[in-house]
$ cat entry-v7.cif   # mmCIF, C-alpha atoms
data_entry
#
loop_
_atom_site.label_atom_id
_atom_site.label_comp_id
_atom_site.auth_asym_id
_atom_site.auth_seq_id
_atom_site.Cartn_x
_atom_site.Cartn_y
_atom_site.Cartn_z
CA MET A 1 -22.28 -0.05 -10.76
CA SER A 2 -20.27 -1.86 -13.45
CA SER A 3 -20.32 1.22 -15.71
CA THR A 4 -18.98 3.35 -12.85
CA PHE A 5 -16.22 0.84 -12.19
CA HIS A 6 -15.21 0.65 -15.82
CA SER A 7 -15.17 4.42 -16.33
CA MET A 8 -12.85 4.81 -13.34
CA TRP A 9 -10.70 1.92 -14.55
CA ALA A 10 -10.44 3.43 -18.03
CA GLY A 11 -9.37 6.78 -16.58
CA LEU A 12 -6.60 5.24 -14.50
CA LEU A 13 -5.38 2.67 -17.03
CA PRO A 14 -3.13 4.91 -19.21
CA ILE A 15 -1.25 6.50 -16.29
CA GLY A 16 2.36 5.36 -16.08
CA ARG A 17 1.99 2.71 -18.75
CA SER A 18 5.09 1.82 -20.76
CA SER A 19 4.53 1.67 -24.51
CA ALA A 20 7.51 -0.66 -24.77
CA SER A 21 6.49 -3.33 -22.26
CA GLY A 22 2.80 -2.70 -21.74
CA GLY A 23 3.52 -2.72 -18.02
CA TYR A 24 3.37 0.07 -15.46
CA ARG A 25 6.08 2.28 -13.97
CA ARG A 26 4.24 4.15 -11.27
CA PHE A 27 7.10 4.73 -8.85
CA ALA A 28 6.74 6.75 -5.65
CA TRP A 29 6.99 10.53 -5.94
CA THR A 30 7.40 10.59 -9.72
CA PRO A 31 5.19 12.31 -12.32
CA ALA A 32 3.25 9.07 -12.89
CA ASP A 33 2.62 8.82 -9.16
CA ALA A 34 1.48 12.45 -9.12
CA ASP A 35 -1.04 11.71 -11.88
CA CYS A 36 -2.37 8.74 -9.89
CA ARG A 37 -2.74 10.98 -6.86
CA LEU A 38 -4.64 13.57 -8.88
CA TRP A 39 -6.93 10.79 -10.08
CA PHE A 40 -7.62 9.73 -6.47
CA GLN A 41 -8.32 13.30 -5.39
CA ALA A 42 -10.71 13.80 -8.30
CA GLN A 43 -12.64 10.63 -7.43
CA ALA A 44 -12.93 11.73 -3.80
CA GLU A 45 -14.11 15.23 -4.62
CA ALA A 46 -16.58 13.98 -7.26
CA ARG A 47 -18.32 12.02 -4.48
CA GLY A 48 -18.37 14.89 -2.00
CA LEU A 49 -15.84 13.20 0.29
CA PHE A 50 -13.45 15.08 2.55
CA TYR A 51 -10.00 14.71 0.99
CA GLU A 52 -6.71 14.92 2.88
CA VAL A 53 -3.08 13.83 2.70
CA ASP A 54 -1.48 12.66 5.93
CA ARG A 55 2.00 13.36 7.25
CA ASN A 56 3.45 10.38 5.33
CA GLY A 57 1.91 11.19 1.96
CA ASN A 58 -0.95 8.69 2.15
CA GLN A 59 -4.20 9.92 0.62
CA TRP A 60 -7.54 9.68 2.43
CA ALA A 61 -11.16 10.30 1.40
CA TRP A 62 -13.74 10.46 4.21
CA LEU A 63 -17.49 10.14 4.46
CA GLY A 64 -18.41 11.33 7.95
CA ASP A 65 -16.12 12.67 10.64
CA PRO A 66 -13.21 10.27 11.32
CA SER A 67 -12.59 11.89 14.71
CA ARG A 68 -15.69 10.06 15.96
CA GLY A 69 -13.60 6.88 15.90
CA ASP A 70 -14.39 3.27 15.01
CA ALA A 71 -14.14 4.17 11.33
CA VAL A 72 -14.31 1.52 8.62
CA VAL A 73 -11.64 2.02 5.94
CA THR A 74 -10.90 0.31 2.66
CA GLY A 75 -8.40 0.90 -0.14
CA SER A 76 -4.96 -0.21 -1.31
CA HIS A 77 -2.20 1.44 -3.35
CA LEU A 78 -1.65 2.89 -6.84
CA ASP A 79 2.12 2.51 -7.30
CA SER A 80 3.68 -0.39 -9.17
CA VAL A 81 6.74 -2.57 -9.48
CA PRO A 82 8.86 -1.99 -12.60
CA ASP A 83 6.70 -2.99 -15.57
CA GLY A 84 4.02 -4.33 -13.25
CA GLY A 85 0.45 -5.26 -14.03
CA ALA A 86 -2.66 -3.11 -13.99
CA PHE A 87 -4.44 -4.82 -11.10
CA ASP A 88 -1.99 -5.08 -8.21
CA GLY A 89 -3.05 -2.22 -5.97
CA PRO A 90 -5.30 -0.16 -8.28
CA LEU A 91 -8.02 -2.84 -8.27
CA GLY A 92 -8.45 -2.28 -4.54
CA VAL A 93 -8.64 1.51 -4.84
CA VAL A 94 -11.04 1.54 -7.80
CA SER A 95 -13.18 -1.13 -6.11
CA ALA A 96 -13.32 0.98 -2.94
CA PHE A 97 -14.89 3.94 -4.75
CA ALA A 98 -17.17 1.61 -6.73
CA ALA A 99 -18.28 -0.13 -3.52
CA LEU A 100 -19.20 3.24 -2.01
CA ASP A 101 -21.24 4.01 -5.12
CA GLU A 102 -22.99 0.64 -4.76
CA LEU A 103 -23.81 1.27 -1.09
CA ARG A 104 -25.26 4.66 -1.94
CA ARG A 105 -27.31 3.04 -4.69
CA ARG A 106 -28.67 0.62 -2.09
CA GLY A 107 -29.63 3.58 0.08
CA VAL A 108 -27.72 2.35 3.13
CA VAL A 109 -27.16 4.65 6.08
CA PHE A 110 -23.61 4.72 7.45
CA ALA A 111 -23.52 4.31 11.21
CA LYS A 112 -19.74 4.82 11.34
CA PRO A 113 -17.24 7.07 9.57
CA PHE A 114 -16.12 5.56 6.29
CA GLY A 115 -12.78 6.08 4.57
CA ILE A 116 -10.91 5.20 1.39
CA VAL A 117 -7.12 5.26 1.37
CA ASN A 118 -4.28 5.15 -1.13
CA PHE A 119 -1.11 4.14 0.71
CA GLY A 120 2.10 5.54 -0.75
CA ASP A 121 5.03 3.49 -2.03
CA GLU A 122 3.63 0.05 -1.23
CA GLU A 123 5.77 -1.78 -3.77
CA GLY A 124 9.09 -0.23 -2.77
CA ALA A 125 10.21 -0.06 -6.40
CA ARG A 126 12.08 3.21 -6.00
CA PHE A 127 13.64 3.05 -2.53
CA GLY A 128 13.90 -0.71 -2.05
CA LEU A 129 11.58 -1.01 0.95
CA ALA A 130 7.97 -2.15 0.58
CA CYS A 131 4.98 -0.50 2.28
CA VAL A 132 6.79 2.71 3.19
CA GLY A 133 3.61 4.74 3.69
CA SER A 134 1.91 2.22 5.97
CA ARG A 135 5.17 1.32 7.78
CA LEU A 136 5.76 4.96 8.66
CA THR A 137 2.18 5.40 9.82
CA ALA A 138 2.29 2.26 11.97
CA GLY A 139 5.66 3.17 13.47
CA GLN A 140 7.43 0.22 11.87
CA LEU A 141 9.82 2.52 10.02
CA SER A 142 11.55 5.20 12.05
CA VAL A 143 12.14 8.73 10.82
CA GLU A 144 15.87 8.07 10.89
CA GLN A 145 15.50 4.94 8.77
CA ALA A 146 13.22 6.75 6.32
CA HIS A 147 15.79 9.50 5.86
CA GLU A 148 18.38 6.87 4.91
CA LEU A 149 16.28 5.46 2.06
CA ARG A 150 17.77 6.36 -1.33
CA ASP A 151 16.87 5.56 -4.90
CA ALA A 152 19.29 4.46 -7.61
CA ASP A 153 20.27 8.10 -8.25
CA GLY A 154 21.05 8.76 -4.58
CA ILE A 155 17.93 10.85 -3.99
CA THR A 156 16.59 10.37 -0.47
CA LEU A 157 12.94 9.75 0.34
CA PRO A 158 12.49 13.21 1.94
CA GLN A 159 14.12 14.87 -1.07
CA ALA A 160 11.80 13.01 -3.44
CA MET A 161 8.73 13.97 -1.41
CA GLU A 162 9.75 17.63 -1.29
CA LYS A 163 10.46 17.70 -5.03
CA ALA A 164 6.94 16.37 -5.56
CA GLY A 165 5.54 19.22 -3.47
CA TYR A 166 5.08 17.53 -0.08
CA ASP A 167 6.46 18.61 3.28
CA ALA A 168 8.65 15.73 4.44
CA SER A 169 9.53 17.31 7.79
CA ALA A 170 6.54 15.71 9.54
CA ILE A 171 6.92 12.08 8.44
CA GLY A 172 6.66 9.48 11.16
CA ALA A 173 4.33 7.37 13.27
CA ASP A 174 0.70 8.49 13.26
CA PRO A 175 -1.00 6.67 16.17
CA GLU A 176 -3.76 9.27 16.48
CA ARG A 177 -4.94 8.55 12.94
CA LEU A 178 -4.84 4.80 13.37
CA ALA A 179 -6.72 5.06 16.68
CA ARG A 180 -9.69 6.38 14.73
CA ILE A 181 -9.96 3.21 12.64
CA GLY A 182 -12.00 0.25 13.86
CA ALA A 183 -11.40 -1.98 10.82
CA PHE A 184 -9.44 -1.90 7.56
CA VAL A 185 -10.39 -4.14 4.62
CA GLU A 186 -8.14 -4.33 1.57
CA LEU A 187 -9.30 -5.86 -1.71
CA HIS A 188 -6.53 -7.20 -3.95
CA VAL A 189 -6.16 -9.31 -7.05
CA GLU A 190 -5.04 -12.80 -6.03
CA GLN A 191 -1.33 -13.32 -6.63
CA GLY A 192 -1.65 -17.02 -7.24
CA VAL A 193 -4.11 -19.54 -8.66
CA ALA A 194 -5.85 -20.91 -5.57
CA LEU A 195 -9.28 -19.55 -6.49
CA ALA A 196 -8.91 -20.56 -10.12
CA ALA A 197 -7.74 -24.03 -9.08
CA LEU A 198 -10.81 -24.49 -6.87
CA SER A 199 -13.02 -23.56 -9.79
CA ASP A 200 -11.21 -25.85 -12.23
CA SER A 201 -11.05 -28.84 -9.90
CA GLY A 202 -14.77 -29.16 -9.36
CA SER A 203 -14.04 -28.95 -5.64
CA ALA A 204 -16.91 -29.11 -3.20
CA ALA A 205 -15.91 -25.56 -2.33
CA GLY A 206 -17.27 -24.60 -5.72
CA PRO A 207 -16.20 -21.85 -8.10
CA HIS A 208 -15.41 -18.63 -6.28
CA ALA A 209 -14.53 -15.26 -7.75
CA VAL A 210 -13.61 -13.97 -4.29
CA GLY A 211 -11.70 -15.35 -1.29
CA VAL A 212 -10.68 -14.09 2.15
CA ALA A 213 -7.07 -13.90 3.33
CA SER A 214 -6.15 -16.11 6.27
CA ALA A 215 -2.48 -15.18 6.71
CA ILE A 216 0.57 -13.62 5.04
CA TRP A 217 3.79 -15.59 4.99
CA PRO A 218 6.81 -14.04 6.69
CA HIS A 219 9.03 -12.37 4.14
CA GLY A 220 12.07 -10.14 3.79
CA ARG A 221 14.75 -8.69 1.57
CA TRP A 222 18.49 -9.32 1.92
CA ARG A 223 21.32 -7.61 0.04
CA PHE A 224 24.25 -9.85 -0.92
CA ASP A 225 27.51 -8.05 -1.74
CA PHE A 226 29.95 -10.26 -3.66
CA ARG A 227 33.41 -8.67 -3.90
CA GLY A 228 36.27 -9.77 -6.14
CA GLU A 229 38.97 -8.22 -8.29
CA ALA A 230 38.33 -6.18 -11.42
CA ASN A 231 40.49 -7.21 -14.35
CA HIS A 232 40.66 -7.47 -18.12
CA ALA A 233 38.26 -10.02 -19.64
CA GLY A 234 40.61 -10.83 -22.49
CA THR A 235 43.99 -11.06 -20.82
CA THR A 236 43.26 -12.57 -17.40
CA ARG A 237 43.56 -16.36 -17.38
CA MET A 238 40.50 -18.19 -16.08
CA GLU A 239 42.48 -19.76 -13.25
CA ASP A 240 43.79 -16.33 -12.14
CA ARG A 241 40.41 -14.69 -11.78
CA ARG A 242 38.62 -13.61 -8.60
CA ASP A 243 35.26 -13.19 -10.28
CA PRO A 244 32.31 -12.35 -7.98
CA MET A 245 29.87 -13.02 -10.81
CA LEU A 246 30.63 -16.73 -10.46
CA THR A 247 29.86 -16.61 -6.74
CA TYR A 248 26.67 -14.69 -7.40
CA ALA A 249 25.53 -17.13 -10.11
CA PHE A 250 26.18 -20.12 -7.85
CA THR A 251 24.22 -18.43 -5.02
CA VAL A 252 21.23 -17.84 -7.29
CA LEU A 253 21.11 -21.53 -8.17
CA ALA A 254 21.65 -22.57 -4.54
CA ALA A 255 18.79 -20.33 -3.39
CA ARG A 256 16.49 -21.87 -5.98
CA LYS A 257 17.35 -25.42 -4.90
CA LYS A 258 17.12 -24.79 -1.16
CA ALA A 259 13.81 -22.94 -1.46
CA ALA A 260 12.32 -25.80 -3.47
CA LEU A 261 13.42 -28.31 -0.84
CA ALA A 262 11.90 -26.17 1.93
CA GLY A 263 8.62 -25.54 0.12
CA ALA A 264 9.45 -21.83 0.31
CA ARG A 265 10.33 -18.98 -2.06
CA ALA A 266 13.71 -17.42 -2.88
CA THR A 267 14.27 -14.95 -5.71
CA PHE A 268 17.21 -12.84 -6.81
CA GLY A 269 15.28 -10.33 -8.91
CA LYS A 270 17.57 -7.31 -8.81
CA VAL A 271 21.30 -7.07 -9.45
CA SER A 272 23.91 -4.35 -9.93
CA VAL A 273 27.45 -4.82 -11.21
CA GLU A 274 30.62 -2.73 -10.95
CA PRO A 275 32.27 -1.62 -13.15
CA ASN A 276 29.58 -3.11 -15.41
CA GLY A 277 31.68 -3.37 -18.55
CA VAL A 278 31.34 -6.06 -21.19
CA ASN A 279 35.09 -6.60 -21.32
CA ALA A 280 35.76 -6.29 -17.59
CA ILE A 281 35.69 -8.85 -14.79
CA PRO A 282 33.50 -7.30 -12.07
CA SER A 283 34.88 -6.04 -8.79
CA LEU A 284 31.44 -6.07 -7.14
CA VAL A 285 28.19 -7.87 -7.83
CA ARG A 286 25.32 -6.82 -5.61
CA GLY A 287 22.18 -8.96 -5.62
CA TRP A 288 18.97 -8.64 -3.68
CA LEU A 289 17.26 -11.76 -2.35
CA ASP A 290 13.51 -11.77 -1.75
CA SER A 291 12.60 -14.78 0.37
CA ARG A 292 9.33 -16.02 1.88
CA ALA A 293 8.12 -19.11 3.73
CA ALA A 294 5.10 -20.44 5.57
CA ASP A 295 6.61 -19.77 9.00
CA ASP A 296 9.40 -17.73 10.54
CA ALA A 297 11.59 -20.70 11.44
CA THR A 298 11.61 -22.05 7.89
CA LEU A 299 12.44 -18.64 6.48
CA THR A 300 15.28 -18.12 8.94
CA GLU A 301 16.75 -21.53 8.13
CA LEU A 302 16.41 -20.97 4.39
CA VAL A 303 18.20 -17.62 4.36
CA ALA A 304 20.94 -19.01 6.62
CA ALA A 305 21.43 -21.91 4.20
CA VAL A 306 21.71 -19.54 1.23
CA GLU A 307 24.27 -17.43 3.14
CA GLU A 308 26.27 -20.54 3.99
CA ALA A 309 26.27 -21.69 0.37
CA ALA A 310 27.40 -18.25 -0.80
CA ALA A 311 30.22 -18.12 1.73
CA GLU A 312 31.41 -21.63 0.84
CA ARG A 313 31.49 -20.79 -2.86
CA ALA A 314 33.24 -17.46 -2.19
CA GLY A 315 36.02 -19.39 -0.50
CA ARG A 316 36.55 -21.45 -3.64
CA ASP A 317 36.32 -18.46 -5.98
CA GLY A 318 38.71 -16.23 -4.03
CA THR A 319 35.95 -13.71 -3.46
CA ALA A 320 34.16 -12.37 -0.38
CA VAL A 321 30.48 -12.07 0.46
CA SER A 322 28.60 -10.00 3.03
CA VAL A 323 24.86 -10.04 3.69
CA THR A 324 22.64 -7.19 4.95
CA ARG A 325 19.00 -7.68 5.92
CA GLU A 326 17.14 -4.68 4.54
CA SER A 327 13.62 -5.56 5.65
CA TYR A 328 11.71 -8.29 7.43
CA THR A 329 8.03 -8.86 8.16
CA PRO A 330 7.08 -11.77 10.43
CA VAL A 331 4.12 -14.03 9.76
CA ILE A 332 0.78 -12.16 9.73
CA ASP A 333 -2.22 -14.08 10.97
CA PHE A 334 -5.22 -11.87 10.24
CA GLU A 335 -7.51 -11.19 13.21
CA HIS A 336 -9.78 -14.22 13.29
CA GLY A 337 -12.95 -12.46 14.37
CA LEU A 338 -12.90 -9.99 11.48
CA ARG A 339 -11.62 -12.59 9.02
CA ASP A 340 -14.35 -15.07 9.89
CA ARG A 341 -17.00 -12.37 9.86
CA LEU A 342 -16.11 -11.49 6.28
CA ALA A 343 -16.08 -15.11 5.18
CA ALA A 344 -19.49 -15.75 6.78
CA ARG A 345 -20.97 -12.59 5.26
CA LEU A 346 -19.87 -13.79 1.82
CA GLY A 347 -21.33 -17.25 2.23
CA GLY A 348 -18.31 -19.23 3.39
CA VAL A 349 -15.83 -18.32 0.66
CA PRO A 350 -12.37 -19.93 0.78
CA LEU A 351 -9.75 -18.78 3.27
CA LEU A 352 -6.40 -18.37 1.53
CA PRO A 353 -2.85 -17.80 2.80
CA THR A 354 -0.48 -15.80 0.63
CA GLY A 355 3.20 -15.19 0.21
CA ALA A 356 2.67 -11.58 -0.87
CA GLY A 357 2.99 -8.64 1.51
CA HIS A 358 0.39 -5.88 1.77
CA ASP A 359 -0.42 -2.70 3.65
CA ALA A 360 -3.14 -4.65 5.48
CA GLY A 361 -0.43 -6.92 6.84
CA ILE A 362 1.62 -3.98 8.11
CA LEU A 363 -1.38 -2.44 9.86
CA SER A 364 -2.57 -5.73 11.36
CA GLY A 365 -0.34 -5.27 14.37
CA VAL A 366 -2.09 -2.01 15.24
CA ILE A 367 -5.72 -2.27 14.06
CA PRO A 368 -8.04 -5.12 12.96
CA THR A 369 -7.44 -5.79 9.27
CA ALA A 370 -8.73 -8.22 6.67
CA MET A 371 -8.30 -8.87 2.96
CA LEU A 372 -10.43 -9.99 0.04
CA TYR A 373 -8.88 -11.59 -3.04
CA VAL A 374 -10.31 -11.45 -6.55
CA ARG A 375 -9.65 -14.48 -8.75
CA ASN A 376 -6.69 -14.28 -11.12
CA PRO A 377 -7.13 -16.85 -13.92
CA THR A 378 -3.41 -17.28 -14.59
CA GLY A 379 -2.00 -16.44 -11.17
CA ILE A 380 0.57 -14.14 -12.80
CA SER A 381 1.37 -10.95 -10.92
CA HIS A 382 4.02 -8.22 -11.01
CA SER A 383 3.88 -8.56 -14.78
CA PRO A 384 1.91 -7.01 -17.65
CA ALA A 385 0.22 -10.43 -17.97
CA GLU A 386 -1.54 -9.95 -14.62
CA SER A 387 -5.30 -10.21 -15.17
CA ALA A 388 -8.79 -10.57 -13.81
CA THR A 389 -12.01 -10.93 -15.77
CA GLU A 390 -14.62 -8.20 -15.96
CA ASP A 391 -17.19 -10.38 -14.20
CA ASP A 392 -14.78 -11.21 -11.37
CA CYS A 393 -13.90 -7.56 -10.84
CA VAL A 394 -17.58 -6.72 -10.52
CA ALA A 395 -18.04 -9.65 -8.15
CA GLY A 396 -15.19 -8.25 -6.08
CA VAL A 397 -16.86 -4.84 -5.85
CA LEU A 398 -20.14 -6.40 -4.76
CA ALA A 399 -18.39 -8.56 -2.18
CA LEU A 400 -16.54 -5.53 -0.82
CA ALA A 401 -19.79 -3.57 -0.67
CA ASP A 402 -21.44 -6.42 1.23
CA VAL A 403 -18.75 -6.58 3.91
CA LEU A 404 -18.54 -2.80 4.21
CA GLU A 405 -22.30 -2.63 4.67
CA ASP A 406 -22.04 -5.19 7.42
CA LEU A 407 -19.18 -3.35 9.15
CA ALA A 408 -20.10 0.30 8.67
CA CYS A 409 -23.84 0.42 8.17
CA GLY A 410 -25.18 -2.17 10.56
#
$ encode --input "entry-v7.cif" --output "structure tokens"
Amino acid sequence: MSSTFHSMWAGLLPIGRSSASGGYRRFAWTPADADCRLWFQAQAEARGLFYEVDRNGNQWAWLGDPSRGDAVVTGSHLDSVPDGGAFDGPLGVVSAFAALDELRRRGVVFAKPFGIVNFGDEEGARFGLACVGSRLTAGQLSVEQAHELRDADGITLPQAMEKAGYDASAIGADPERLARIGAFVELHVEQGVALAALSDSGSAAGPHAVGVASAIWPHGRWRFDFRGEANHAGTTRMEDRRDPMLTYAFTVLAARKKAALAGARATFGKVSVEPNGVNAIPSLVRGWLDSRAADDATLTELVAAVEEAAAERAGRDGTAVSVTRESYTPVIDFEHGLRDRLAARLGGVPLLPTGAGHDAGILSGVIPTAMLYVRNPTGISHSPAESATEDDCVAGVLALADVLEDLACG
């Protein structure tokens, strides 16, 4: 099994990798994404699985007839954030195929249809909205909203899909497909150090290479537009300036402080500036806030506090600020019956909440979903430094095979 896993991993590893950063740039509907999709199709066909692409561009590989219903599905995504790590997403897809190989090696008989999926554009790196493929499928993103999504070059989502060779005219909710699925299990590298900390602490919980997700924190993205007055950097006196960069910088610091006080997360990780000249005071600074908290009330209060701080500072700087919520996902509490069944099957492994969003979280409102996490020794994610050991990856495959055998073969 480990040799199969590693051969698949080696085949996928070079795709979309930046020689400059060592990270990955597998953005939706780009050539790198197309190569990942070809890889998925090849893995499906090599195993004699029925391969299809749904109306939203998600890829599926089926063992058995999914129209029978009550199917058990596993998988994740293959796209990346800008200069992301190798494991976020691909580990779940590679492990899905490896787990199927392991179950066949065990000689198990599938009592239910079994599927492997690669959801499109989970990271939202190109169009600014995460989990586009699963959101469309679950009806959480309307056709009208999808048509409004644009990348930095002004290319719309449908245009990008069509350029990549897909018919975008049929995108939208797909309740018939989801009705066929009885359970979805997503394996993912842990984006944190909870499992590693349990191992290092000598906790009674013991060292664990794998954990089960308990919940996903509520999270969202807000666009802050800071408007001022463009002017010459060398001739405009400091006291005469209406510089939105100052308001933006203050807001970044305020968000950091208020998130720390709330035990939450707030990150301005993307910014654009107009006119973006070294010797020009900006007229517009646009920053995107990613914020997350343990509950909806805390998140709402945190974002409101950041908005208030930005508005107060804008008044002092002679600038203006407006805020647009671009996405929001409420708290996800994974279905307890399925969650507890997985934990029991794996011998009482830890239950872990997370601040990271996933396709499993999007689908949880429609079908029973669960997640497995594979230990990340550093906790770093969305970075080329993201990692997991060879032994832990294999342990993750075996754990996934165990729970899939329980769900689909019992």
$ atom_distance --input "entry-v7.cif" --atom1 "atom CA of Gly75 of chain A" --atom2 "atom CA of Gly115 of chain A"
8.3 Å
$ closest_atom_pairs --input "entry-v7.cif" --of "segment 175-292 of chain A" --to "segment 363-381 of chain A" --cutoff "10 Å" --atoms "all atoms listed in the file" --output "Markdown table"
| residue | atom | partner | partner_atom | distance |
| --- | --- | --- | --- | --- |
| A:Pro175 | CA | A:Val366 | CA | 8.8 |
| A:Leu178 | CA | A:Ile367 | CA | 7.2 |
| A:Ala179 | CA | A:Ile367 | CA | 7.8 |
| A:Arg180 | CA | A:Ile367 | CA | 9.5 |
| A:Ile181 | CA | A:Ile367 | CA | 7.1 |
| A:Gly182 | CA | A:Pro368 | CA | 6.7 |
| A:Ala183 | CA | A:Pro368 | CA | 5.1 |
| A:Phe184 | CA | A:Thr369 | CA | 4.7 |
| A:Val185 | CA | A:Ala370 | CA | 4.9 |
| A:Glu186 | CA | A:Met371 | CA | 4.8 |
| A:Leu187 | CA | A:Leu372 | CA | 4.6 |
| A:His188 | CA | A:Tyr373 | CA | 5.1 |
| A:Val189 | CA | A:Val374 | CA | 4.7 |
| A:Glu190 | CA | A:Tyr373 | CA | 5.0 |
| A:Gln191 | CA | A:Gly379 | CA | 5.5 |
| A:Gly192 | CA | A:Gly379 | CA | 4.0 |
| A:Val193 | CA | A:Gly379 | CA | 4.5 |
| A:Ala194 | CA | A:Arg375 | CA | 8.1 |
| A:Leu195 | CA | A:Arg375 | CA | 5.6 |
| A:Ala196 | CA | A:Pro377 | CA | 5.6 |
| A:Ala197 | CA | A:Pro377 | CA | 8.7 |
| A:Ser199 | CA | A:Arg375 | CA | 9.7 |
| A:Pro207 | CA | A:Arg375 | CA | 9.9 |
| A:His208 | CA | A:Arg375 | CA | 7.5 |
| A:Ala209 | CA | A:Arg375 | CA | 5.0 |
| A:Val210 | CA | A:Val374 | CA | 4.7 |
| A:Gly211 | CA | A:Tyr373 | CA | 5.0 |
| A:Val212 | CA | A:Leu372 | CA | 4.6 |
| A:Ala213 | CA | A:Met371 | CA | 5.2 |
| A:Ser214 | CA | A:Met371 | CA | 8.2 |
| A:Ala215 | CA | A:Ala370 | CA | 9.4 |
$ resolve_selection --input "entry-v7.cif" --expression "the PyMOL selection byres ((chain A and resi 347) around 12)" --output "list in words"
Ala205, Gly206, His208, Val210, Gly211, Val212, Asp340, Arg341, Leu342, Ala343, Ala344, Arg345, Leu346, Gly348, Val349, Pro350, Leu351, Ala399, Asp402 and Val403 of chain A
$ atom_distance --input "entry-v7.cif" --atom1 "atom CA of Ser283 of chain A" --atom2 "atom CA of Val271 of chain A"
13.6 Å
$ residues_near_point --input "entry-v7.cif" --point "(11.9, -10.5, 5.0)" --cutoff "8 Å" --atoms "only C-alpha atoms" --output "ChimeraX atom specification"
/A:218-222,290-292,325-330
$ closest_residue --input "entry-v7.cif" --among "A:Ala125, A:Ala360, A:Ala98, A:Leu13" --to "Asp83 of chain A" --atoms "all atoms listed in the file"
A:Ala125
$ closest_residue --input "entry-v7.cif" --among "A:Leu141, A:Leu100, A:Leu157, A:Val73" --to "Phe27 of chain A" --atoms "all atoms listed in the file"
A:Leu157
$ resolve_selection --input "entry-v7.cif" --expression "the PyMOL selection byres ((chain A and resi 143-153) around 12)" --output "PyMOL selection string"
chain A and resi 27-30+55-56+124-133+135-142+154-161+168-174+270-272+326-327
$ write_last_selection --input "entry-v7.cif" --atoms "C-alpha atoms" --output "tab-separated table (two decimals), in the frame of the given file"
chain	number	residue	atom	x	y	z
A	27	PHE	CA	7.10	4.73	-8.85
A	28	ALA	CA	6.74	6.75	-5.65
A	29	TRP	CA	6.99	10.53	-5.94
A	30	THR	CA	7.40	10.59	-9.72
A	55	ARG	CA	2.00	13.36	7.25
A	56	ASN	CA	3.45	10.38	5.33
A	124	GLY	CA	9.09	-0.23	-2.77
A	125	ALA	CA	10.21	-0.06	-6.40
A	126	ARG	CA	12.08	3.21	-6.00
A	127	PHE	CA	13.64	3.05	-2.53
A	128	GLY	CA	13.90	-0.71	-2.05
A	129	LEU	CA	11.58	-1.01	0.95
A	130	ALA	CA	7.97	-2.15	0.58
A	131	CYS	CA	4.98	-0.50	2.28
A	132	VAL	CA	6.79	2.71	3.19
A	133	GLY	CA	3.61	4.74	3.69
A	135	ARG	CA	5.17	1.32	7.78
A	136	LEU	CA	5.76	4.96	8.66
A	137	THR	CA	2.18	5.40	9.82
A	138	ALA	CA	2.29	2.26	11.97
A	139	GLY	CA	5.66	3.17	13.47
A	140	GLN	CA	7.43	0.22	11.87
A	141	LEU	CA	9.82	2.52	10.02
A	142	SER	CA	11.55	5.20	12.05
A	154	GLY	CA	21.05	8.76	-4.58
A	155	ILE	CA	17.93	10.85	-3.99
A	156	THR	CA	16.59	10.37	-0.47
A	157	LEU	CA	12.94	9.75	0.34
A	158	PRO	CA	12.49	13.21	1.94
A	159	GLN	CA	14.12	14.87	-1.07
A	160	ALA	CA	11.80	13.01	-3.44
A	161	MET	CA	8.73	13.97	-1.41
A	168	ALA	CA	8.65	15.73	4.44
A	169	SER	CA	9.53	17.31	7.79
A	170	ALA	CA	6.54	15.71	9.54
A	171	ILE	CA	6.92	12.08	8.44
A	172	GLY	CA	6.66	9.48	11.16
A	173	ALA	CA	4.33	7.37	13.27
A	174	ASP	CA	0.70	8.49	13.26
A	270	LYS	CA	17.57	-7.31	-8.81
A	271	VAL	CA	21.30	-7.07	-9.45
A	272	SER	CA	23.91	-4.35	-9.93
A	326	GLU	CA	17.14	-4.68	4.54
A	327	SER	CA	13.62	-5.56	5.65
